[in-house]
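Step one of this worksheet: look at the structure below.
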Amino acid sequence: MTATLHGPTRSSADHQELLRGMLEEQFAVHTARLTQLTVHARHAGHDPHTLEALIASTRERIAETAQALRRMSEGTYGLCLDCHKPLPLGRLHALPHATHCTRCERRRTS
Ligand SMILES: [Zn+2]
């Protein structure tokens with residue numbers, strides 16, 4: 001593969017590739033964690049409620065990450081689901097599975 005550099009500024013495609021890598025890594029991490037939690041669930045000595053909560057939140061993370069990867073393949077990734085404006089790159093780098101801009105997010109949670 002020949003690497004072609006387009007100068008010091010990253011194109012949005014480069015950002016998308018970077019974010020896709022982050023999402024795929026997150027997906028792998030959470031999937032491994034879920035497997036681990038499920039294995040632990042078979043052993044005695046673990047608080048079943050804590051374990052259940054951990055499994056539920058891990059499943060949620062996996063779903064969020066999978067949805068973000070799907071939006072990426074559909075070409076709708078990085079757009080706010082409410083106002084359809086592009087999310088700032090800083091927000092996506094901090095939260096690659098973000099679905100809403102900070103303004104809509106605040107409105108939704110308030
Ligand atoms: Zn918005």
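By convention here, the chains of the structure tokens are called A, B, ... in the order presented, each chain's residues are numbered starting at 1, and ligands are numbered starting at 1 in the order presented.
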
Where does chain A meet ligand 1 within 7 Å, residue by residue, with the nearest atom pair and distance in Å to one decimal for each, counting only C-alpha atoms and all ligand atoms, listed by chain and rising number, as a Markdown table?
```
| residue | atom | partner | partner_atom_place_in_ligand_line | distance |
| --- | --- | --- | --- | --- |
| A:Cys80 | CA | ligand 1 | 1 (Zn) | 4.6 |
| A:Leu81 | CA | ligand 1 | 1 (Zn) | 6.6 |
| A:Asp82 | CA | ligand 1 | 1 (Zn) | 5.0 |
| A:Cys83 | CA | ligand 1 | 1 (Zn) | 4.1 |
| A:His84 | CA | ligand 1 | 1 (Zn) | 6.2 |
| A:Lys85 | CA | ligand 1 | 1 (Zn) | 6.0 |
| A:His100 | CA | ligand 1 | 1 (Zn) | 5.3 |
| A:Cys101 | CA | ligand 1 | 1 (Zn) | 4.3 |
| A:Thr102 | CA | ligand 1 | 1 (Zn) | 6.9 |
| A:Arg103 | CA | ligand 1 | 1 (Zn) | 5.9 |
| A:Cys104 | CA | ligand 1 | 1 (Zn) | 4.3 |
```

Mind dumping the selected residues with N, CA and C atoms as a short mmCIF file (atom, residue, chain, number, x, y, z; two decimals), in the first residue's frame?
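That gives us again35.cif:
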```
data_model
loop_
_atom_site.label_atom_id
_atom_site.label_comp_id
_atom_site.auth_asym_id
_atom_site.auth_seq_id
_atom_site.Cartn_x
_atom_site.Cartn_y
_atom_site.Cartn_z
N CYS A 80 -25.76 15.14 13.98
CA CYS A 80 -26.66 15.12 15.12
C CYS A 80 -28.00 14.50 14.68
N LEU A 81 -28.53 13.57 15.48
CA LEU A 81 -29.78 12.91 15.12
C LEU A 81 -30.98 13.84 15.20
N ASP A 82 -30.85 14.92 15.97
CA ASP A 82 -31.97 15.84 16.11
C ASP A 82 -31.91 17.01 15.12
N CYS A 83 -30.79 17.74 15.13
CA CYS A 83 -30.73 18.94 14.29
C CYS A 83 -29.97 18.70 12.98
N HIS A 84 -29.40 17.50 12.81
CA HIS A 84 -28.70 17.08 11.59
C HIS A 84 -27.50 17.93 11.24
N LYS A 85 -26.98 18.66 12.22
CA LYS A 85 -25.76 19.43 12.00
C LYS A 85 -24.57 18.53 12.31
N HIS A 100 -25.62 13.00 19.40
CA HIS A 100 -26.23 14.33 19.43
C HIS A 100 -25.19 15.39 19.72
N CYS A 101 -25.40 16.59 19.19
CA CYS A 101 -24.52 17.71 19.51
C CYS A 101 -24.78 18.10 20.96
N THR A 102 -23.86 18.86 21.54
CA THR A 102 -23.99 19.19 22.97
C THR A 102 -25.29 19.93 23.27
N ARG A 103 -25.72 20.78 22.33
CA ARG A 103 -26.94 21.55 22.54
C ARG A 103 -28.17 20.64 22.62
N CYS A 104 -28.30 19.73 21.64
CA CYS A 104 -29.45 18.82 21.64
C CYS A 104 -29.35 17.83 22.81
#
```

One decimal, in Å: what's the spacing between atom CA of Ala32 of chain A and atom CA of Glu52 of chain A?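 Going from atom CA of Ala32 of chain A over to atom CA of Glu52 of chain A, I get 16.1 Å.
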
Run DSSP on the backbone of this structure and report the residues of chain A it assigns to helix (DSSP H, G or I), as a ChimeraX atom specification. /A:12-41,48-74,89-94,102-109

Could you write out the selected residues, including C-alpha atoms, as a JSON list (two decimals), in the first residue's frame?
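Saved file out-v9.json follows:
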```
[["chain", "number", "residue", "atom", "x", "y", "z"],
["A", 12, "SER", "CA", -12.39, 14.38, 7.10],
["A", 13, "ALA", "CA", -11.81, 10.93, 5.60],
["A", 14, "ASP", "CA", -8.67, 10.60, 7.71],
["A", 15, "HIS", "CA", -10.65, 11.60, 10.79],
["A", 16, "GLN", "CA", -13.33, 9.08, 9.94],
["A", 17, "GLU", "CA", -10.68, 6.35, 9.62],
["A", 18, "LEU", "CA", -9.20, 7.34, 12.97],
["A", 19, "LEU", "CA", -12.63, 7.34, 14.63],
["A", 20, "ARG", "CA", -13.53, 4.02, 12.99],
["A", 21, "GLY", "CA", -10.36, 2.55, 14.50],
["A", 22, "MET", "CA", -11.34, 3.92, 17.94],
["A", 23, "LEU", "CA", -14.85, 2.48, 17.62],
["A", 24, "GLU", "CA", -13.60, -0.92, 16.48],
["A", 25, "GLU", "CA", -11.18, -1.00, 19.40],
["A", 26, "GLN", "CA", -13.96, -0.06, 21.84],
["A", 27, "PHE", "CA", -16.19, -2.72, 20.35],
["A", 28, "ALA", "CA", -13.47, -5.36, 20.85],
["A", 29, "VAL", "CA", -12.77, -4.19, 24.42],
["A", 30, "HIS", "CA", -16.44, -4.23, 25.47],
["A", 31, "THR", "CA", -17.11, -7.56, 23.77],
["A", 32, "ALA", "CA", -14.16, -9.12, 25.63],
["A", 33, "ARG", "CA", -15.45, -7.56, 28.86],
["A", 34, "LEU", "CA", -18.91, -8.98, 28.30],
["A", 35, "THR", "CA", -17.47, -12.47, 27.73],
["A", 36, "GLN", "CA", -15.44, -12.11, 30.92],
["A", 37, "LEU", "CA", -18.51, -10.97, 32.90],
["A", 38, "THR", "CA", -20.60, -13.82, 31.52],
["A", 39, "VAL", "CA", -17.92, -16.31, 32.51],
["A", 40, "HIS", "CA", -17.74, -14.76, 36.01],
["A", 41, "ALA", "CA", -21.51, -15.04, 36.31],
["A", 48, "PRO", "CA", -25.58, -11.10, 41.14],
["A", 49, "HIS", "CA", -27.10, -7.60, 41.12],
["A", 50, "THR", "CA", -23.77, -5.86, 40.58],
["A", 51, "LEU", "CA", -22.86, -8.37, 37.91],
["A", 52, "GLU", "CA", -26.21, -7.92, 36.21],
["A", 53, "ALA", "CA", -25.79, -4.14, 36.17],
["A", 54, "LEU", "CA", -22.27, -4.46, 34.77],
["A", 55, "ILE", "CA", -23.44, -6.81, 32.03],
["A", 56, "ALA", "CA", -26.31, -4.48, 31.14],
["A", 57, "SER", "CA", -24.08, -1.39, 30.87],
["A", 58, "THR", "CA", -21.48, -3.31, 28.85],
["A", 59, "ARG", "CA", -24.20, -4.49, 26.46],
["A", 60, "GLU", "CA", -25.31, -0.86, 26.13],
["A", 61, "ARG", "CA", -21.76, 0.25, 25.27],
["A", 62, "ILE", "CA", -21.53, -2.50, 22.63],
["A", 63, "ALA", "CA", -24.87, -1.44, 21.10],
["A", 64, "GLU", "CA", -23.81, 2.24, 21.01],
["A", 65, "THR", "CA", -20.53, 1.36, 19.35],
["A", 66, "ALA", "CA", -22.19, -0.98, 16.84],
["A", 67, "GLN", "CA", -24.72, 1.74, 15.97],
["A", 68, "ALA", "CA", -21.95, 4.27, 15.40],
["A", 69, "LEU", "CA", -20.13, 1.86, 13.09],
["A", 70, "ARG", "CA", -23.38, 1.24, 11.21],
["A", 71, "ARG", "CA", -23.99, 4.97, 10.80],
["A", 72, "MET", "CA", -20.45, 5.23, 9.48],
["A", 73, "SER", "CA", -21.15, 2.67, 6.75],
["A", 74, "GLU", "CA", -24.46, 4.39, 5.97],
["A", 89, "LEU", "CA", -14.63, 16.75, 15.71],
["A", 90, "GLY", "CA", -13.49, 17.42, 19.26],
["A", 91, "ARG", "CA", -16.72, 15.91, 20.57],
["A", 92, "LEU", "CA", -16.37, 12.85, 18.31],
["A", 93, "HIS", "CA", -12.78, 12.27, 19.38],
["A", 94, "ALA", "CA", -13.81, 12.44, 23.03],
["A", 102, "THR", "CA", -23.99, 19.19, 22.97],
["A", 103, "ARG", "CA", -26.94, 21.55, 22.54],
["A", 104, "CYS", "CA", -29.45, 18.82, 21.64],
["A", 105, "GLU", "CA", -27.93, 16.47, 24.23],
["A", 106, "ARG", "CA", -28.50, 19.09, 26.94],
["A", 107, "ARG", "CA", -32.07, 19.62, 25.75],
["A", 108, "ARG", "CA", -32.72, 15.85, 25.78],
["A", 109, "THR", "CA", -31.38, 15.26, 29.28]]
```
